[in-house]
$ cat coords-v4.cif   # mmCIF, C-alpha atoms
data_input
loop_
_atom_site.label_atom_id
_atom_site.label_comp_id
_atom_site.auth_asym_id
_atom_site.auth_seq_id
_atom_site.Cartn_x
_atom_site.Cartn_y
_atom_site.Cartn_z
CA MET A 1 0.00 0.00 0.00
CA VAL A 2 3.05 2.29 0.12
CA PHE A 3 2.94 3.38 -3.53
CA LYS A 4 -0.86 3.58 -3.48
CA SER A 5 -0.63 6.00 -0.54
CA LEU A 6 2.11 7.97 -2.28
CA LYS A 7 0.02 8.30 -5.43
CA ASP A 8 -3.02 9.41 -3.42
CA PHE A 9 -0.90 12.03 -1.63
CA ILE A 10 0.55 13.37 -4.90
CA HIS A 11 -2.94 13.78 -6.33
CA SER A 12 -4.52 15.27 -3.24
CA SER A 13 -1.75 17.81 -2.63
CA ARG A 14 -1.61 18.95 -6.28
CA LEU A 15 2.20 18.78 -6.26
CA ASN A 16 4.04 19.88 -9.40
CA HIS A 17 7.61 19.30 -8.13
CA LEU A 18 8.75 15.88 -6.87
CA SER A 19 12.15 14.53 -5.76
CA LEU A 20 12.62 10.80 -5.15
CA TYR A 21 15.85 9.35 -3.74
CA ASN A 22 16.70 5.70 -2.97
CA VAL A 23 13.28 4.39 -3.95
CA GLN A 24 13.08 0.76 -5.00
CA GLY A 25 10.18 -0.74 -6.96
CA LEU A 26 8.59 2.31 -8.55
CA GLN A 27 5.47 1.14 -10.36
CA GLN A 28 4.13 2.08 -13.75
CA GLY A 29 1.48 4.78 -13.56
CA ILE A 30 2.38 6.07 -10.09
CA LEU A 31 2.53 9.62 -11.45
CA SER A 32 -0.27 9.25 -14.01
CA GLN A 33 -2.90 12.01 -14.06
CA SER A 34 -0.80 14.01 -11.59
CA ASP A 35 0.35 17.64 -11.85
CA ILE A 36 4.04 16.70 -11.62
CA LYS A 37 5.96 18.75 -14.16
CA HIS A 38 9.39 18.76 -12.50
CA LEU A 39 10.94 15.44 -11.42
CA ILE A 40 14.25 14.58 -9.72
CA LEU A 41 15.05 10.86 -9.59
CA TYR A 42 18.16 9.29 -8.01
CA GLN A 43 18.97 5.71 -6.99
CA ALA A 44 15.57 4.46 -8.12
CA THR A 45 14.49 1.18 -9.71
CA GLU A 46 11.32 0.01 -11.40
CA ALA A 47 8.90 -2.50 -9.88
CA SER A 48 9.46 -6.22 -10.01
CA ALA A 49 8.00 -8.15 -12.94
CA ASP A 50 6.32 -10.39 -10.36
CA SER A 51 2.67 -9.29 -10.51
CA SER A 52 2.08 -10.54 -6.97
CA LEU A 53 4.40 -7.81 -5.69
CA VAL A 54 2.76 -4.99 -7.67
CA GLU A 55 0.12 -2.79 -6.09
CA ASP A 56 -3.03 -1.85 -7.97
CA LEU A 57 -2.60 1.87 -8.62
CA ASN A 58 -5.38 2.25 -11.18
CA SER A 59 -8.07 3.31 -8.76
CA ILE A 60 -8.98 6.43 -10.73
CA PRO A 61 -12.18 5.78 -12.73
CA ASP A 62 -11.98 5.39 -16.48
CA SER A 63 -12.50 8.56 -18.50
CA ASP A 64 -15.80 9.10 -20.22
CA SER A 65 -14.52 11.02 -23.25
CA GLU A 66 -11.93 10.20 -25.91
CA GLU A 67 -10.14 13.48 -25.17
CA GLU A 68 -9.71 12.64 -21.49
CA GLU A 69 -8.73 9.10 -22.42
CA SER A 70 -6.01 10.30 -24.79
CA GLN A 71 -4.47 12.54 -22.11
CA LEU A 72 -3.63 9.53 -19.93
CA GLY A 73 -0.67 8.55 -22.09
CA ILE A 74 0.95 11.99 -22.16
CA CYS A 75 3.96 12.70 -19.93
CA PRO A 76 3.61 16.31 -18.67
CA LEU A 77 7.22 16.71 -17.51
CA GLU A 78 8.85 20.06 -18.25
CA SER A 79 12.10 19.31 -16.41
CA LEU A 80 13.84 16.06 -15.46
CA GLU A 81 16.96 15.40 -13.39
CA THR A 82 18.09 11.77 -13.20
CA ASP A 83 21.14 9.58 -12.58
CA MET A 84 20.11 7.39 -15.54
CA GLY A 85 19.65 4.36 -13.29
CA MET A 86 16.35 3.59 -15.04
CA THR A 87 15.83 3.43 -18.77
CA ILE A 88 14.09 6.29 -20.56
CA ALA A 89 11.06 4.08 -21.18
CA GLU A 90 10.88 3.29 -17.45
CA HIS A 91 10.91 7.01 -16.66
CA ALA A 92 8.05 7.64 -19.08
CA LYS A 93 6.02 4.69 -17.79
CA LEU A 94 5.73 6.37 -14.39
CA PHE A 95 3.17 8.63 -16.09
CA ARG A 96 1.40 5.97 -18.14
CA VAL A 97 -1.50 3.80 -17.03
CA TYR A 98 -3.22 0.72 -18.29
CA SER A 99 -6.66 1.54 -19.70
CA HIS A 100 -9.42 -0.65 -18.32
CA SER A 101 -11.77 0.39 -21.13
CA SER A 102 -9.39 -0.24 -24.04
CA GLY A 103 -7.37 -3.00 -22.41
CA ALA A 104 -4.06 -1.49 -23.47
CA GLU A 105 -1.48 1.10 -22.55
CA HIS A 106 -2.18 4.58 -23.83
CA HIS A 107 -0.22 5.77 -26.84
CA LEU A 108 2.44 8.49 -26.74
CA LEU A 109 1.75 12.01 -27.97
CA ASP A 110 3.25 12.39 -31.47
CA GLY A 111 5.25 9.23 -30.86
CA VAL A 112 7.63 10.83 -28.31
CA MET A 113 7.96 10.13 -24.60
CA PHE A 114 8.58 13.68 -23.36
CA PRO A 115 6.72 16.13 -25.63
CA PHE A 116 6.94 19.06 -23.17
CA LEU A 117 10.40 18.55 -21.63
CA SER A 118 12.47 21.76 -21.91
CA ARG A 119 15.13 21.20 -19.23
CA LEU A 120 17.15 17.99 -18.81
CA ARG A 121 19.94 17.19 -16.34
CA LEU A 122 21.64 13.81 -16.74
CA TYR A 123 24.09 12.63 -14.06
CA HIS A 124 26.29 9.91 -15.54
CA SER A 125 27.42 7.85 -12.56
CA ARG A 126 25.68 4.47 -12.59
CA ILE A 127 26.19 3.16 -16.15
CA ASP A 128 29.17 2.61 -18.43
CA THR A 129 30.07 4.71 -21.46
CA ARG A 130 28.43 2.38 -23.99
CA GLU A 131 25.11 2.45 -22.12
CA PHE A 132 25.39 6.22 -21.84
CA ASN A 133 25.86 6.61 -25.60
CA ILE A 134 22.67 4.67 -26.25
CA MET A 135 20.55 6.20 -23.51
CA VAL A 136 21.43 9.87 -23.95
CA ASN A 137 20.70 9.82 -27.68
CA GLU A 138 17.48 7.88 -27.10
CA ILE A 139 16.18 10.53 -24.73
CA LEU A 140 17.23 13.36 -27.08
CA LEU A 141 15.12 11.76 -29.79
CA ASN A 142 12.17 11.95 -27.40
CA THR A 143 12.55 15.58 -26.25
CA PRO A 144 11.63 17.70 -29.29
CA VAL A 145 11.25 21.01 -27.40
CA LEU A 146 14.39 20.71 -25.22
CA GLU A 147 16.03 24.08 -24.47
CA ASP A 148 18.57 23.39 -21.72
CA LEU A 149 20.77 20.24 -21.57
CA PHE A 150 23.18 19.49 -18.69
CA ILE A 151 25.35 16.36 -18.54
CA TYR A 152 27.35 15.61 -15.41
CA ASN A 153 30.36 13.36 -15.90
CA ALA A 154 31.19 11.53 -12.68
CA GLY A 155 34.38 10.18 -14.24
CA LYS A 156 32.98 7.19 -16.13
CA LEU A 157 32.80 8.83 -19.54
CA SER A 158 35.93 7.55 -21.26
CA ILE A 159 37.76 8.88 -24.31
CA GLN A 160 39.37 6.02 -26.22
CA PHE A 161 40.49 5.30 -29.75
CA ARG A 162 38.07 2.36 -29.95
CA PRO A 163 34.56 3.69 -30.69
CA GLU A 164 32.88 0.91 -28.73
CA GLY A 165 34.57 2.10 -25.53
CA SER A 166 34.54 5.85 -26.07
CA VAL A 167 31.94 8.55 -25.64
CA LEU A 168 30.13 9.22 -28.92
CA PRO A 169 28.67 12.44 -30.35
CA LEU A 170 25.28 13.67 -29.24
CA ARG A 171 22.53 13.43 -31.83
CA TYR A 172 21.05 16.82 -31.16
CA ASN A 173 20.86 18.65 -34.46
CA HIS A 174 17.07 18.14 -34.59
CA LEU A 175 16.56 20.04 -31.32
CA THR A 176 15.55 23.34 -32.87
CA ARG A 177 14.96 25.03 -29.48
CA LEU A 178 18.17 23.96 -27.73
CA ARG A 179 19.91 27.12 -26.54
CA SER A 180 22.29 25.91 -23.80
CA PHE A 181 24.53 22.86 -23.34
CA SER A 182 26.51 22.31 -20.12
CA LEU A 183 29.08 19.68 -19.17
CA GLY A 184 29.76 19.24 -15.46
CA ALA A 185 32.35 17.34 -13.45
CA SER A 186 34.12 17.27 -10.12
CA ALA A 187 37.87 17.76 -9.77
CA PRO A 188 40.23 16.06 -10.27
CA HIS A 189 38.50 14.62 -13.36
CA TYR A 190 40.51 15.64 -16.41
CA LYS A 191 40.17 16.02 -20.20
CA GLN A 192 36.96 17.97 -19.78
CA MET A 193 37.46 19.88 -23.03
CA GLU A 194 38.22 16.65 -24.90
CA THR A 195 35.02 15.11 -23.54
CA LEU A 196 33.13 18.22 -24.64
CA GLU A 197 34.66 17.96 -28.11
CA CYS A 198 33.59 14.31 -28.41
CA LEU A 199 30.03 15.00 -27.27
CA CYS A 200 29.72 17.98 -29.64
CA ALA A 201 31.55 16.43 -32.59
CA ASP A 202 28.44 16.61 -34.77
CA LYS A 203 27.03 19.91 -35.98
CA PRO A 204 24.83 21.49 -33.29
CA PRO A 205 21.36 22.94 -33.92
CA PRO A 206 21.42 26.57 -35.12
CA SER A 207 19.56 27.59 -31.95
CA LEU A 208 22.55 26.81 -29.65
CA ARG A 209 23.75 30.03 -28.02
CA GLU A 210 25.58 28.98 -24.86
CA VAL A 211 28.18 26.35 -23.89
CA VAL A 212 29.09 25.88 -20.22
CA ILE A 213 31.82 23.92 -18.43
CA ASP A 214 30.69 23.44 -14.84
CA ILE A 215 33.33 22.28 -12.33
CA MET A 216 33.06 21.48 -8.65
CA ILE A 217 36.23 21.54 -6.55
CA ASP A 218 35.83 19.26 -3.51
CA LEU A 219 37.31 20.84 -0.40
CA ARG A 220 35.46 18.60 2.05
CA HIS A 221 38.48 16.40 2.71
CA GLY A 222 40.67 19.32 3.68
CA LEU A 223 41.36 22.73 2.26
CA LEU A 224 45.02 22.10 1.53
CA ASN A 225 44.29 18.90 -0.44
CA GLY A 226 41.46 20.63 -2.27
CA VAL A 227 43.65 23.56 -3.28
CA ARG A 228 46.35 21.25 -4.62
CA ASP A 229 43.74 19.29 -6.60
CA ALA A 230 42.29 22.51 -7.99
CA GLU A 231 45.64 23.80 -9.19
CA ARG A 232 46.37 20.52 -10.97
CA TYR A 233 42.87 20.42 -12.39
CA ILE A 234 43.22 23.79 -14.06
CA SER A 235 46.14 22.47 -16.09
CA TRP A 236 44.18 19.31 -16.97
CA LEU A 237 41.07 21.12 -18.20
CA GLY A 238 42.57 21.82 -21.61
CA LEU A 239 40.94 25.23 -21.96
CA HIS A 240 43.61 26.20 -24.49
CA ARG A 241 41.44 24.19 -26.92
CA THR A 242 38.48 26.54 -26.45
CA ASP A 243 39.27 28.77 -29.41
CA ALA A 244 39.55 25.86 -31.84
CA PHE A 245 36.35 24.37 -30.42
CA LEU A 246 34.33 27.53 -31.03
CA ARG A 247 35.71 27.95 -34.57
CA ARG A 248 34.29 24.63 -35.77
CA PRO A 249 31.50 24.68 -38.36
CA GLY A 250 28.08 24.99 -36.80
CA PHE A 251 29.19 26.91 -33.70
CA GLU A 252 28.89 30.34 -35.28
CA GLY A 253 25.68 30.92 -33.33
CA VAL A 254 27.31 30.35 -29.91
CA LYS A 255 27.57 33.75 -28.25
CA LYS A 256 28.52 32.74 -24.72
CA PHE A 257 31.12 30.33 -23.33
CA VAL A 258 31.13 30.00 -19.53
CA VAL A 259 33.63 28.33 -17.21
CA ARG A 260 31.85 27.95 -13.87
CA ILE A 261 33.88 26.81 -10.85
CA GLY A 262 32.28 26.03 -7.52
CA MET A 263 33.70 24.81 -4.21
CA ALA A 264 32.09 22.15 -2.02
CA MET A 265 32.96 22.88 1.60
CA ASP A 266 31.86 20.89 4.62
CA ILE A 267 30.30 22.86 7.46
CA PHE A 268 32.56 20.93 9.83
CA GLN A 269 36.05 21.23 8.39
CA PRO A 270 38.54 18.54 9.50
CA GLU A 271 41.14 21.26 10.18
CA ASP A 272 40.72 23.51 13.16
CA LEU A 273 40.88 26.73 11.12
CA ASP A 274 39.40 30.11 11.86
CA ARG A 275 37.90 32.40 9.23
CA GLU A 276 41.16 34.25 8.69
CA SER A 277 43.03 31.01 8.07
CA VAL A 278 40.40 29.77 5.63
CA ASP A 279 40.52 33.04 3.70
CA GLY A 280 44.30 32.83 3.69
CA ILE A 281 44.11 29.51 1.82
CA VAL A 282 41.05 29.98 -0.39
CA THR A 283 41.50 33.59 -1.52
CA PRO A 284 45.01 33.22 -3.00
CA TRP A 285 43.95 29.96 -4.65
CA ARG A 286 40.91 31.62 -6.19
CA ASP A 287 43.08 34.43 -7.53
CA THR A 288 45.48 31.86 -8.99
CA VAL A 289 42.64 30.01 -10.69
CA ARG A 290 41.20 33.24 -12.07
CA LYS A 291 44.53 34.32 -13.54
CA ALA A 292 45.27 30.88 -14.99
CA ILE A 293 41.92 30.55 -16.71
CA THR A 294 41.85 34.16 -17.86
CA GLY A 295 45.21 33.61 -19.53
CA LEU A 296 43.97 30.49 -21.29
CA LEU A 297 40.82 32.21 -22.46
CA GLU A 298 42.64 35.19 -23.96
CA MET A 299 42.62 33.21 -27.19
CA LYS A 300 38.83 33.37 -27.23
CA TYR A 301 37.00 33.44 -30.52
CA GLN A 302 36.06 36.97 -31.54
CA GLY A 303 32.40 37.76 -30.94
CA VAL A 304 31.91 35.20 -28.16
CA ASN A 305 31.32 36.36 -24.59
CA VAL A 306 33.74 34.21 -22.54
CA GLN A 307 33.01 34.29 -18.80
CA LEU A 308 34.58 32.92 -15.65
CA GLU A 309 32.24 32.41 -12.69
CA LEU A 310 33.67 31.54 -9.28
#
$ encode --input "coords-v4.cif" --output "structure tokens"
Amino acid sequence: MVFKSLKDFIHSSRLNHLSLYNVQGLQQGILSQSDIKHLILYQATEASADSSLVEDLNSIPDSDSEEEESQLGICPLESLETDMGMTIAEHAKLFRVYSHSSGAEHHLLDGVMFPFLSRLRLYHSRIDTREFNIMVNEILLNTPVLEDLFIYNAGKLSIQFRPEGSVLPLRYNHLTRLRSFSLGASAPHYKQMETLECLCADKPPPSLREVVIDIMIDLRHGLLNGVRDAERYISWLGLHRTDAFLRRPGFEGVKKFVVRIGMAMDIFQPEDLDRESVDGIVTPWRDTVRKAITGLLEMKYQGVNVQLEL
């Protein structure tokens, strides 16, 4: 009765944002006919194929009109954030129900799973590179109105000479509304620019206006270690390749290239440091990072707004 109660709560509260973490056995249709338009899903799995373990969630009466009936198969999501632990079809099935009147699952709107999805954040941490290549391009084929795409590389995206083991280009040229593409990672992951080049090897849609590299420096295991990692990471980023990247055919429409660097700091630092000591470590490091990156980006392509955000 757990999922039945959850579905009843979602409907009664008229929620439109939902975050689910560490949920096992999510059943098809649990979000059907709900107002959920923004979904965050991490460490989740679909329900068992054993029908004896599946709850009956279809307690909502059948629709009386064809129009209402047709709406049951439409996924209303406008934004999705996921660790890709479930397949794209499994994500979409959360919003699809089995029709008692027709005896079949409802069809997709215009043959796509996410007809309204405009913002997508994919965290690549649970699957290998080959699975990623298949899954990311599958979801892009099913998001015709996508505007903002973010891919987080947790270190598993590999760049190899063998195509079967390397990250492959995104198939995104058909996304006529895509305006921003971001690639994120945590230090000390390296070859971020090379990964970006592989993902964007194919010609982008003419609508693309912004490319972002989003980096998180982890200082939670000690400021000194974090600073050393950050300094090494700057040299590994390969930002000297930025100019050549932006000069490639198809990127003429890109007007903004952003390097965004954040710092993850634990509230309870392992070192017994006061505010002055922390500033004495972090501030000089931040100035060093700013100077290093600014120097690399001096070769920026004319007409592109290149920004550093710390």
$ closest_residue --input "coords-v4.cif" --among "A:Val136, A:Val23, A:Leu39, A:Leu31" --to "His11 (chain A)" --atoms "all atoms listed in the file"
A:Leu31
$ residues_around --input "coords-v4.cif" --residues "region 114-117 of chain A" --least-positions-apart "6" --cutoff "9 Å" --atoms "only C-alpha atoms" --output "list in words"
Lys37, Ile74, Cys75, Pro76, Leu77, Glu78, Ser79, Leu80, Ala92, Leu108, Ile139, Asn142, Thr143, Pro144, Val145, Leu146 and Glu147 of chain A
$ atom_distance --input "coords-v4.cif" --atom1 "CA of Thr283 (chain A)" --atom2 "CA of Ile213 (chain A)"
21.8 Å
$ resolve_selection --input "coords-v4.cif" --expression "the PyMOL selection byres ((chain A and resi 27) around 8)" --output "PyMOL selection string"
chain A and resi 3+25-26+28-30+46-47+54-55+94
$ atom_distance --input "coords-v4.cif" --atom1 "CA of Leu120 (chain A)" --atom2 "CA of Leu140 (chain A)"
9.5 Å
$ atom_distance --input "coords-v4.cif" --atom1 "CA of Asp148 (chain A)" --atom2 "CA of Val258 (chain A)"
14.4 Å
$ decode --input "coords-v4.cif" --residues "region 200-213 of chain A" --atoms "all heavy atoms" --output "PDB file, in the first residue's frame"
ATOM      1  N   CYS A 200      30.197  16.981 -28.678  1.00  0.00           N
ATOM      2  CA  CYS A 200      29.725  17.984 -29.640  1.00  0.00           C
ATOM      3  C   CYS A 200      30.416  17.849 -30.994  1.00  0.00           C
ATOM      4  O   CYS A 200      30.565  18.838 -31.722  1.00  0.00           O
ATOM      5  CB  CYS A 200      29.943  19.386 -29.083  1.00  0.00           C
ATOM      6  SG  CYS A 200      29.070  19.717 -27.541  1.00  0.00           S
ATOM      7  N   ALA A 201      30.837  16.641 -31.332  1.00  0.00           N
ATOM      8  CA  ALA A 201      31.547  16.433 -32.595  1.00  0.00           C
ATOM      9  C   ALA A 201      30.649  16.684 -33.798  1.00  0.00           C
ATOM     10  O   ALA A 201      31.110  17.149 -34.844  1.00  0.00           O
ATOM     11  CB  ALA A 201      32.122  15.018 -32.659  1.00  0.00           C
ATOM     12  N   ASP A 202      29.366  16.361 -33.672  1.00  0.00           N
ATOM     13  CA  ASP A 202      28.436  16.612 -34.767  1.00  0.00           C
ATOM     14  C   ASP A 202      27.979  18.067 -34.742  1.00  0.00           C
ATOM     15  O   ASP A 202      28.046  18.752 -33.713  1.00  0.00           O
ATOM     16  CB  ASP A 202      27.223  15.688 -34.663  1.00  0.00           C
ATOM     17  CG  ASP A 202      27.583  14.242 -34.999  1.00  0.00           C
ATOM     18  OD1 ASP A 202      28.700  14.008 -35.505  1.00  0.00           O
ATOM     19  OD2 ASP A 202      26.746  13.360 -34.754  1.00  0.00           O
ATOM     20  N   LYS A 203      27.490  18.538 -35.862  1.00  0.00           N
ATOM     21  CA  LYS A 203      27.033  19.914 -35.985  1.00  0.00           C
ATOM     22  C   LYS A 203      25.854  20.159 -35.052  1.00  0.00           C
ATOM     23  O   LYS A 203      24.881  19.409 -35.052  1.00  0.00           O
ATOM     24  CB  LYS A 203      26.629  20.190 -37.428  1.00  0.00           C
ATOM     25  CG  LYS A 203      26.352  21.650 -37.732  1.00  0.00           C
ATOM     26  CD  LYS A 203      26.078  21.848 -39.210  1.00  0.00           C
ATOM     27  CE  LYS A 203      25.809  23.308 -39.534  1.00  0.00           C
ATOM     28  NZ  LYS A 203      25.563  23.511 -40.973  1.00  0.00           N
ATOM     29  N   PRO A 204      25.917  21.221 -34.231  1.00  0.00           N
ATOM     30  CA  PRO A 204      24.830  21.495 -33.291  1.00  0.00           C
ATOM     31  C   PRO A 204      23.651  22.159 -33.997  1.00  0.00           C
ATOM     32  O   PRO A 204      23.778  22.623 -35.134  1.00  0.00           O
ATOM     33  CB  PRO A 204      25.477  22.469 -32.303  1.00  0.00           C
ATOM     34  CG  PRO A 204      26.457  23.225 -33.142  1.00  0.00           C
ATOM     35  CD  PRO A 204      27.005  22.211 -34.134  1.00  0.00           C
ATOM     36  N   PRO A 205      22.497  22.217 -33.323  1.00  0.00           N
ATOM     37  CA  PRO A 205      21.365  22.941 -33.917  1.00  0.00           C
ATOM     38  C   PRO A 205      21.673  24.431 -33.991  1.00  0.00           C
ATOM     39  O   PRO A 205      22.390  24.962 -33.138  1.00  0.00           O
ATOM     40  CB  PRO A 205      20.214  22.650 -32.945  1.00  0.00           C
ATOM     41  CG  PRO A 205      20.881  22.303 -31.650  1.00  0.00           C
ATOM     42  CD  PRO A 205      22.164  21.625 -32.013  1.00  0.00           C
ATOM     43  N   PRO A 206      21.154  25.130 -34.984  1.00  0.00           N
ATOM     44  CA  PRO A 206      21.420  26.570 -35.123  1.00  0.00           C
ATOM     45  C   PRO A 206      20.979  27.394 -33.925  1.00  0.00           C
ATOM     46  O   PRO A 206      21.449  28.517 -33.737  1.00  0.00           O
ATOM     47  CB  PRO A 206      20.621  26.951 -36.378  1.00  0.00           C
ATOM     48  CG  PRO A 206      20.430  25.676 -37.127  1.00  0.00           C
ATOM     49  CD  PRO A 206      20.326  24.604 -36.085  1.00  0.00           C
ATOM     50  N   SER A 207      20.090  26.847 -33.100  1.00  0.00           N
ATOM     51  CA  SER A 207      19.562  27.585 -31.949  1.00  0.00           C
ATOM     52  C   SER A 207      20.556  27.671 -30.788  1.00  0.00           C
ATOM     53  O   SER A 207      20.357  28.477 -29.867  1.00  0.00           O
ATOM     54  CB  SER A 207      18.270  26.924 -31.462  1.00  0.00           C
ATOM     55  OG  SER A 207      18.507  25.561 -31.119  1.00  0.00           O
ATOM     56  N   LEU A 208      21.622  26.851 -30.789  1.00  0.00           N
ATOM     57  CA  LEU A 208      22.555  26.806 -29.654  1.00  0.00           C
ATOM     58  C   LEU A 208      23.259  28.149 -29.488  1.00  0.00           C
ATOM     59  O   LEU A 208      23.894  28.645 -30.419  1.00  0.00           O
ATOM     60  CB  LEU A 208      23.583  25.700 -29.861  1.00  0.00           C
ATOM     61  CG  LEU A 208      24.509  25.420 -28.663  1.00  0.00           C
ATOM     62  CD1 LEU A 208      23.708  24.891 -27.480  1.00  0.00           C
ATOM     63  CD2 LEU A 208      25.613  24.424 -29.040  1.00  0.00           C
ATOM     64  N   ARG A 209      23.154  28.729 -28.291  1.00  0.00           N
ATOM     65  CA  ARG A 209      23.745  30.030 -28.015  1.00  0.00           C
ATOM     66  C   ARG A 209      24.763  30.012 -26.885  1.00  0.00           C
ATOM     67  O   ARG A 209      25.559  30.939 -26.749  1.00  0.00           O
ATOM     68  CB  ARG A 209      22.633  31.037 -27.639  1.00  0.00           C
ATOM     69  CG  ARG A 209      21.678  31.353 -28.772  1.00  0.00           C
ATOM     70  CD  ARG A 209      22.380  32.156 -29.867  1.00  0.00           C
ATOM     71  NE  ARG A 209      21.483  32.483 -30.968  1.00  0.00           N
ATOM     72  CZ  ARG A 209      21.349  31.733 -32.062  1.00  0.00           C
ATOM     73  NH1 ARG A 209      22.060  30.596 -32.175  1.00  0.00           N
ATOM     74  NH2 ARG A 209      20.538  32.071 -33.024  1.00  0.00           N
ATOM     75  N   GLU A 210      24.744  28.968 -26.053  1.00  0.00           N
ATOM     76  CA  GLU A 210      25.580  28.977 -24.855  1.00  0.00           C
ATOM     77  C   GLU A 210      26.186  27.602 -24.610  1.00  0.00           C
ATOM     78  O   GLU A 210      25.508  26.579 -24.720  1.00  0.00           O
ATOM     79  CB  GLU A 210      24.744  29.407 -23.642  1.00  0.00           C
ATOM     80  CG  GLU A 210      25.482  29.403 -22.322  1.00  0.00           C
ATOM     81  CD  GLU A 210      24.572  29.756 -21.163  1.00  0.00           C
ATOM     82  OE1 GLU A 210      23.791  28.874 -20.726  1.00  0.00           O
ATOM     83  OE2 GLU A 210      24.630  30.906 -20.696  1.00  0.00           O
ATOM     84  N   VAL A 211      27.484  27.579 -24.288  1.00  0.00           N
ATOM     85  CA  VAL A 211      28.178  26.352 -23.891  1.00  0.00           C
ATOM     86  C   VAL A 211      28.819  26.620 -22.532  1.00  0.00           C
ATOM     87  O   VAL A 211      29.490  27.649 -22.342  1.00  0.00           O
ATOM     88  CB  VAL A 211      29.245  25.940 -24.915  1.00  0.00           C
ATOM     89  CG1 VAL A 211      30.007  24.708 -24.422  1.00  0.00           C
ATOM     90  CG2 VAL A 211      28.610  25.661 -26.275  1.00  0.00           C
ATOM     91  N   VAL A 212      28.616  25.681 -21.591  1.00  0.00           N
ATOM     92  CA  VAL A 212      29.091  25.881 -20.219  1.00  0.00           C
ATOM     93  C   VAL A 212      29.920  24.675 -19.773  1.00  0.00           C
ATOM     94  O   VAL A 212      29.519  23.528 -19.989  1.00  0.00           O
ATOM     95  CB  VAL A 212      27.912  26.076 -19.237  1.00  0.00           C
ATOM     96  CG1 VAL A 212      28.422  26.271 -17.810  1.00  0.00           C
ATOM     97  CG2 VAL A 212      27.036  27.242 -19.671  1.00  0.00           C
ATOM     98  N   ILE A 213      31.071  24.950 -19.152  1.00  0.00           N
ATOM     99  CA  ILE A 213      31.815  23.922 -18.429  1.00  0.00           C
ATOM    100  C   ILE A 213      31.645  24.215 -16.952  1.00  0.00           C
ATOM    101  O   ILE A 213      31.998  25.296 -16.469  1.00  0.00           O
ATOM    102  CB  ILE A 213      33.308  23.918 -18.817  1.00  0.00           C
ATOM    103  CG1 ILE A 213      33.467  23.346 -20.223  1.00  0.00           C
ATOM    104  CG2 ILE A 213      34.122  23.106 -17.824  1.00  0.00           C
ATOM    105  CD1 ILE A 213      34.918  23.188 -20.655  1.00  0.00           C
TER     106      ILE A 213
END
